[in-house]
Each structure stands twice: as structure tokens, then as C-alpha cells.
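Down below is the structure, laid out as C-alpha cells.
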Amino acid sequence: MLAAANLAITGRLEHVSAALEPGTITAICGPNGAGKSTLLSALAGLLAPDSGEVLLDGEPLDVTPPRQRAQALGYLPQSAEIAWDVSVASIAALGRLPHRDRGKFAIAKALAATDMADFAARPASTLSGGEKARALLARVLAGEPRWILADEPLAALDLAHQLNLLAVLRREAEAGTGVVIVVHDLALAMNHADRVVVLDEGKVAAEGTPAEALSPEIIASVWGVEARWLGEPGARALVTRM
């Protein structure tokens, strides 16, 4: 289990607690500035809270040895910037660094899963924004982490690759990996997540199944819009008005 226990970061999070289960997809939703990326960064161990703690399998994350932490947690940032003009295969191979092995099969599997196998020899400078995002996701998958923490992984992708990525994340969850994603599209969270955590002004406004956490009442309270859901479970569309 990966858990936030009473996390507080001045001006960004206020006593946030959430228990995240392996084998599930958890979506973190909320308006701009709600603290979504901050919470994800704290869960990844990239931000130290002013109070509270992050627990990995019941142990404080900040005392977990760095290599063990890197093996357990795969973090995908919101930005698709790549610092060095290396090949896509080299980018994916970076995911193996915590394991001290080349992991050729894991790298090939990750490139295939992200539809980047044909781009393996391409340098980063020749990639589009969406292709860079997929290459960085391949890096995370190549590391075979027990937890995937992805900040708006769908934002730069076209519709087909969004659906492919969601399918990849679902397969990872079914294999036992814990998946935590920040998403703005509430319909995607409703249709593809197992659990949803809604943040508002740095606090947990709702947590539960998508139907519970993204009810019309909560959407009205947090986002300030009237909303209703149409369609069957798994294929719902959101109708809104101010």
C-alpha cells in the first residue's frame, strides 16, 4: 500500500490523507491549483511535507533506501521535456538504472506497450510532444515499478494513444501494479479509474468510487458547475453548464 498520512505542505496541501491500493487505478482530480501535482510529487518522494508522512508498505518513505524507492516507484512528470538528445531506446533504458541491469526484454516490452518500438533509434529532438510523452512513459514501464505515478499522462496524446495508454495502465493494474494518475477529464476518471481522490484548495473534498467521488453534488461544490452523467457505467459522458 502507498499512503499519505496527514500530509501538509504550506500553501499547497492541508492535512491530506489517502490510502492507495495496489492493483487499482486511482485518479486524482480537482480544479487548477487544488494540489494534485503536489500530492503526486509527495507520494513519489520528490517533495518533503512540512508535516505528516508518506508510507510505502507501512514504512515511512523518507527512510526507504533510495535504490529501493526508485525500484518501487515509477514517476512520470507533467512536462514532456527531455534534457539530452538521446535515442528513444536510451530514454527507455534509463528506467533500468535502479536495477543495475540492462533489462532488454523489459525495455522492448515497454517500447511495444507505448507504440514506440518503431521509434527506438529516433533521437529525442525529432519527436513530437505526444511522442516524447510516450517515450517517457516507456522509461517508467521499463523499470517495472510496483507503483506508477503519472501526472496528466493523457494531456499530450491524441485520442487513439489516450485509449492505448489507458489500456496499458489497466493491464498494469490487473498484474498487481498500483497506478495513480492526475487527470482533468472527469469522464476519463469516471470510466477508467477504480478510485478517485478529489482535491480542492489543498484538501481532500471527496474519496471513493468514481460514482461516489464525482457525483453531481461534489462536482457542483468543487468545480462550481451543474453537471449530470449520461450513459451506462464505463461509457459515461458528462453534461455541464455554469
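Quick note on naming: the chains in the C-alpha cells go A, B, ... in the order shown, residues restart at 1 in each chain, and ligands are numbered from 1 in order of appearance.
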Give me the residues near Lys132 in chain A as a list in words, where near means some atom within 8 Å (using only C-alpha atoms) and where sequence neighbours in that chain fewer than 5 positions away do not count.
Ala80, Glu81, Ile82, Ala124 and Leu127 of chain A
Write out, as a CSV table (one decimal), in the first residue's frame, the residues just selected, with C-alpha atoms.
```csv
chain,number,residue,atom,x,y,z
A,80,ALA,CA,7.5,16.0,-21.6
A,81,GLU,CA,10.8,17.8,-21.8
A,82,ILE,CA,13.9,15.6,-22.4
A,124,ALA,CA,14.5,12.9,-28.9
A,127,LEU,CA,9.8,13.7,-31.6
```
Restrict the calculation to only C-alpha atoms, then for each residue of range 109-179 of chain A with any atom at most 10 Å from an atom of range 19-36 of chain A give the closest atom pair and their distance in Å to one decimal, rows by chain and rising residue number, as a Markdown table.
```
| residue | atom | partner | partner_atom | distance |
| --- | --- | --- | --- | --- |
| A:Arg146 | CA | A:Pro22 | CA | 7.9 |
| A:Trp147 | CA | A:Pro22 | CA | 7.5 |
| A:Ile148 | CA | A:Ile25 | CA | 9.4 |
| A:Leu149 | CA | A:Thr26 | CA | 9.7 |
| A:Ala150 | CA | A:Ala27 | CA | 9.7 |
| A:Asp151 | CA | A:Lys36 | CA | 8.4 |
| A:Glu152 | CA | A:Ile28 | CA | 9.6 |
| A:Leu166 | CA | A:Ile25 | CA | 9.8 |
| A:Leu169 | CA | A:Ile25 | CA | 7.7 |
| A:Arg170 | CA | A:Ile25 | CA | 7.3 |
| A:Arg171 | CA | A:Gly23 | CA | 9.5 |
| A:Glu172 | CA | A:Gly23 | CA | 7.7 |
| A:Ala173 | CA | A:Gly23 | CA | 4.3 |
| A:Glu174 | CA | A:Gly23 | CA | 5.7 |
| A:Ala175 | CA | A:Gly23 | CA | 6.7 |
| A:Gly176 | CA | A:Gly23 | CA | 4.0 |
| A:Thr177 | CA | A:Gly23 | CA | 5.0 |
| A:Gly178 | CA | A:Pro22 | CA | 3.9 |
| A:Val179 | CA | A:Ile25 | CA | 4.7 |
```
Hey, can you spit out that residue selection with N, CA and C atoms as a tab-separated table (two decimals), in the first residue's frame?
```tsv
chain	number	residue	atom	x	y	z
A	146	ARG	N	6.48	-1.14	-8.87
A	146	ARG	CA	5.27	-1.63	-8.21
A	146	ARG	C	4.19	-0.55	-8.18
A	147	TRP	N	4.61	0.71	-8.36
A	147	TRP	CA	3.69	1.84	-8.39
A	147	TRP	C	4.03	2.74	-9.56
A	148	ILE	N	3.03	3.11	-10.35
A	148	ILE	CA	3.18	4.09	-11.42
A	148	ILE	C	2.46	5.35	-10.99
A	149	LEU	N	3.20	6.45	-10.91
A	149	LEU	CA	2.65	7.74	-10.52
A	149	LEU	C	2.80	8.68	-11.71
A	150	ALA	N	1.69	9.01	-12.35
A	150	ALA	CA	1.74	9.76	-13.62
A	150	ALA	C	0.93	11.05	-13.52
A	151	ASP	N	1.59	12.16	-13.82
A	151	ASP	CA	0.97	13.48	-13.73
A	151	ASP	C	0.45	13.90	-15.11
A	152	GLU	N	-0.86	13.85	-15.28
A	152	GLU	CA	-1.54	14.20	-16.54
A	152	GLU	C	-0.91	13.46	-17.73
A	166	LEU	N	-4.51	4.10	-21.56
A	166	LEU	CA	-5.44	3.63	-20.54
A	166	LEU	C	-5.49	2.11	-20.50
A	169	LEU	N	-2.30	0.96	-18.77
A	169	LEU	CA	-2.39	1.15	-17.32
A	169	LEU	C	-3.34	0.14	-16.69
A	170	ARG	N	-4.41	-0.20	-17.40
A	170	ARG	CA	-5.33	-1.21	-16.88
A	170	ARG	C	-4.63	-2.57	-16.79
A	171	ARG	N	-3.86	-2.92	-17.80
A	171	ARG	CA	-3.13	-4.19	-17.75
A	171	ARG	C	-2.13	-4.21	-16.60
A	172	GLU	N	-1.46	-3.07	-16.38
A	172	GLU	CA	-0.52	-2.99	-15.27
A	172	GLU	C	-1.23	-3.19	-13.95
A	173	ALA	N	-2.40	-2.56	-13.79
A	173	ALA	CA	-3.17	-2.71	-12.56
A	173	ALA	C	-3.63	-4.15	-12.37
A	174	GLU	N	-4.08	-4.78	-13.43
A	174	GLU	CA	-4.54	-6.17	-13.34
A	174	GLU	C	-3.40	-7.11	-12.97
A	175	ALA	N	-2.16	-6.71	-13.27
A	175	ALA	CA	-0.99	-7.51	-12.91
A	175	ALA	C	-0.53	-7.21	-11.48
A	176	GLY	N	-1.21	-6.29	-10.79
A	176	GLY	CA	-0.89	-6.01	-9.40
A	176	GLY	C	-0.22	-4.68	-9.13
A	177	THR	N	0.12	-3.94	-10.19
A	177	THR	CA	0.76	-2.64	-10.01
A	177	THR	C	-0.26	-1.61	-9.53
A	178	GLY	N	0.16	-0.76	-8.62
A	178	GLY	CA	-0.68	0.36	-8.21
A	178	GLY	C	-0.48	1.51	-9.19
A	179	VAL	N	-1.55	2.06	-9.71
A	179	VAL	CA	-1.48	3.14	-10.69
A	179	VAL	C	-2.19	4.36	-10.12
```
Quick one, how far is CA of Glu207 in chain A from CA of Ser17 in chain A?
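Those two atoms sit 10.1 Å apart.
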May I have the residues within 12 Å of Ser128 in chain A as an MDAnalysis selection string, using only C-alpha atoms and disregarding those fewer than 2 positions away in the same chain?
chainID A and resid 80:82 119 122:126 130:135 156:158
Grab the residues selected above and save them as a compact mmCIF listing (two decimals), in the first residue's frame with N, CA and C atoms.
```txt
# COMPACT_ATOMS: atom_id res chain seq x y z
N ALA A 80 6.87 17.03 -20.72
CA ALA A 80 7.46 16.02 -21.61
C ALA A 80 8.84 16.46 -22.09
N GLU A 81 9.50 17.36 -21.37
CA GLU A 81 10.82 17.83 -21.77
C GLU A 81 11.87 16.74 -21.53
N ILE A 82 12.79 16.58 -22.49
CA ILE A 82 13.88 15.61 -22.39
C ILE A 82 15.19 16.39 -22.51
N PHE A 119 10.21 3.67 -33.14
CA PHE A 119 10.92 4.94 -32.92
C PHE A 119 12.20 4.72 -32.11
N ARG A 122 15.21 6.71 -32.99
CA ARG A 122 15.00 8.14 -33.24
C ARG A 122 15.53 8.99 -32.09
N PRO A 123 16.24 10.09 -32.38
CA PRO A 123 16.67 10.98 -31.31
C PRO A 123 15.51 11.80 -30.77
N ALA A 124 15.60 12.19 -29.52
CA ALA A 124 14.52 12.90 -28.85
C ALA A 124 14.14 14.19 -29.57
N SER A 125 15.12 14.86 -30.18
CA SER A 125 14.85 16.15 -30.83
C SER A 125 13.90 16.04 -32.01
N THR A 126 13.70 14.84 -32.52
CA THR A 126 12.83 14.67 -33.69
C THR A 126 11.41 14.26 -33.30
N GLY A 130 3.60 14.53 -28.14
CA GLY A 130 2.98 13.28 -27.76
C GLY A 130 3.94 12.11 -27.79
N GLU A 131 4.86 12.11 -28.78
CA GLU A 131 5.85 11.03 -28.87
C GLU A 131 6.83 11.10 -27.70
N LYS A 132 7.20 12.32 -27.29
CA LYS A 132 8.07 12.45 -26.12
C LYS A 132 7.37 11.91 -24.89
N ALA A 133 6.08 12.22 -24.74
CA ALA A 133 5.33 11.73 -23.59
C ALA A 133 5.31 10.20 -23.56
N ARG A 134 5.16 9.60 -24.72
CA ARG A 134 5.13 8.14 -24.79
C ARG A 134 6.51 7.54 -24.51
N ALA A 135 7.57 8.21 -24.97
CA ALA A 135 8.93 7.74 -24.68
C ALA A 135 9.21 7.78 -23.19
N ALA A 156 -0.95 15.18 -23.59
CA ALA A 156 -0.31 15.46 -24.89
C ALA A 156 -0.66 14.42 -25.95
N LEU A 157 -1.54 13.48 -25.63
CA LEU A 157 -1.80 12.37 -26.53
C LEU A 157 -3.08 12.57 -27.33
N ASP A 158 -3.06 12.04 -28.57
CA ASP A 158 -4.29 12.05 -29.36
C ASP A 158 -5.23 10.96 -28.82
```
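Across A:Ser79, A:Ser221, A:Gln68, A:Thr38, the tightest approach to Pro145 in chain A is made by A:Gln68 when counting only C-alpha atoms.
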Determine which residues of range 1-238 of chain A DSSP labels as strand (DSSP E) from the backbone of this structure, then write them out as JSON, numbers by chain.
{"A": [2, 3, 4, 5, 6, 7, 8, 9, 13, 14, 15, 16, 17, 18, 19, 20, 25, 26, 27, 28, 29, 51, 52, 53, 54, 55, 56, 59, 60, 73, 74, 75, 76, 147, 148, 149, 150, 151, 178, 179, 180, 181, 182, 195, 196, 197, 198, 199, 200, 203, 204, 205, 206, 207, 208, 226, 227, 228, 229, 230, 237, 238]}
Quick one: pick out all helix (DSSP H, G or I) residues within range 75-240 of chain A from a backbone DSSP run and write them as an MDAnalysis selection string.
chainID A and resid 88:99 104:113 117:119 124:126 129:142 159:174 186:192 210:213 216:223
Let's have the selection written as a CSV table (one decimal), in the first residue's frame, with C-alpha atoms.
```csv
chain,number,residue,atom,x,y,z
A,88,VAL,CA,14.1,6.7,-27.6
A,89,ALA,CA,15.7,3.3,-26.7
A,90,SER,CA,18.2,5.1,-24.5
A,91,ILE,CA,15.4,7.0,-22.8
A,92,ALA,CA,13.5,3.8,-22.1
A,93,ALA,CA,16.7,2.2,-20.8
A,94,LEU,CA,17.0,4.8,-18.1
A,95,GLY,CA,14.2,3.1,-16.3
A,96,ARG,CA,16.5,0.1,-15.6
A,97,LEU,CA,19.1,2.2,-13.7
A,98,PRO,CA,17.8,1.3,-10.2
A,99,HIS,CA,18.0,-2.4,-11.1
A,104,LYS,CA,16.5,-5.8,-22.7
A,105,PHE,CA,13.2,-7.6,-22.6
A,106,ALA,CA,11.7,-5.1,-20.2
A,107,ILE,CA,12.8,-2.2,-22.5
A,108,ALA,CA,11.4,-3.9,-25.6
A,109,LYS,CA,8.1,-4.7,-23.8
A,110,ALA,CA,7.8,-1.0,-22.7
A,111,LEU,CA,8.5,0.3,-26.2
A,112,ALA,CA,5.9,-2.0,-27.6
A,113,ALA,CA,3.3,-1.1,-25.0
A,117,ALA,CA,9.2,0.3,-30.9
A,118,ASP,CA,9.5,1.7,-34.4
A,119,PHE,CA,10.9,4.9,-32.9
A,124,ALA,CA,14.5,12.9,-28.9
A,125,SER,CA,14.9,16.2,-30.8
A,126,THR,CA,12.8,14.7,-33.7
A,129,GLY,CA,5.2,16.4,-27.8
A,130,GLY,CA,3.0,13.3,-27.8
A,131,GLU,CA,5.8,11.0,-28.9
A,132,LYS,CA,8.1,12.5,-26.1
A,133,ALA,CA,5.3,11.7,-23.6
A,134,ARG,CA,5.1,8.1,-24.8
A,135,ALA,CA,8.9,7.7,-24.7
A,136,LEU,CA,9.0,8.9,-21.1
A,137,LEU,CA,6.2,6.5,-20.2
A,138,ALA,CA,8.3,3.8,-21.8
A,139,ARG,CA,11.0,4.7,-19.4
A,140,VAL,CA,8.7,4.3,-16.4
A,141,LEU,CA,7.3,0.9,-17.7
A,142,ALA,CA,10.8,-0.4,-18.4
A,159,LEU,CA,-7.5,10.0,-28.8
A,160,ALA,CA,-6.1,6.7,-30.1
A,161,HIS,CA,-3.0,6.9,-27.9
A,162,GLN,CA,-5.0,8.0,-24.9
A,163,LEU,CA,-7.1,4.9,-25.2
A,164,ASN,CA,-3.9,2.8,-25.7
A,165,LEU,CA,-2.3,4.3,-22.6
A,166,LEU,CA,-5.4,3.6,-20.5
A,167,ALA,CA,-5.4,0.0,-21.7
A,168,VAL,CA,-1.7,-0.3,-20.8
A,169,LEU,CA,-2.4,1.2,-17.3
A,170,ARG,CA,-5.3,-1.2,-16.9
A,171,ARG,CA,-3.1,-4.2,-17.7
A,172,GLU,CA,-0.5,-3.0,-15.3
A,173,ALA,CA,-3.2,-2.7,-12.6
A,174,GLU,CA,-4.5,-6.2,-13.3
A,186,LEU,CA,-13.7,13.8,-15.3
A,187,ALA,CA,-15.3,11.5,-17.8
A,188,LEU,CA,-12.0,9.6,-18.2
A,189,ALA,CA,-11.7,9.3,-14.4
A,190,MET,CA,-15.3,8.1,-14.2
A,191,ASN,CA,-14.9,5.5,-16.9
A,192,HIS,CA,-11.4,4.2,-16.3
A,210,PRO,CA,-15.8,7.3,-9.3
A,211,ALA,CA,-19.6,7.4,-8.9
A,212,GLU,CA,-19.2,8.5,-5.2
A,213,ALA,CA,-16.4,11.0,-5.6
A,216,PRO,CA,-23.2,15.9,-9.4
A,217,GLU,CA,-23.3,17.3,-5.9
A,218,ILE,CA,-19.5,17.1,-5.5
A,219,ILE,CA,-18.8,18.5,-9.0
A,220,ALA,CA,-21.1,21.5,-8.2
A,221,SER,CA,-19.4,22.1,-4.8
A,222,VAL,CA,-15.7,21.7,-6.1
A,223,TRP,CA,-15.9,22.9,-9.7
```
re CA of Arg195 in chain A and CA of Val63 in chain A: distance 27.7 Å
Would you pick out the contacts of Val204 in chain A at 9 Å or less, using only C-alpha atoms, so that residues sharing its chain but fewer than 2 positions from it are not included, and give the list as number ranges by chain?
A: 14-18, 197-202, 206-207
Using only C-alpha atoms, pick whichever of A:Pro66, A:Gly103, A:Pro49, A:Pro77 has the shortest atom-to-atom distance to Leu154 in chain A.
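So, comparing all the options, the nearest one is A:Pro77.
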For the atom pair CA of Tyr75 in chain A and CA of Leu40 in chain A, what is the interatomic distance in Å to one decimal place?
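It comes out at 8.7 Å.
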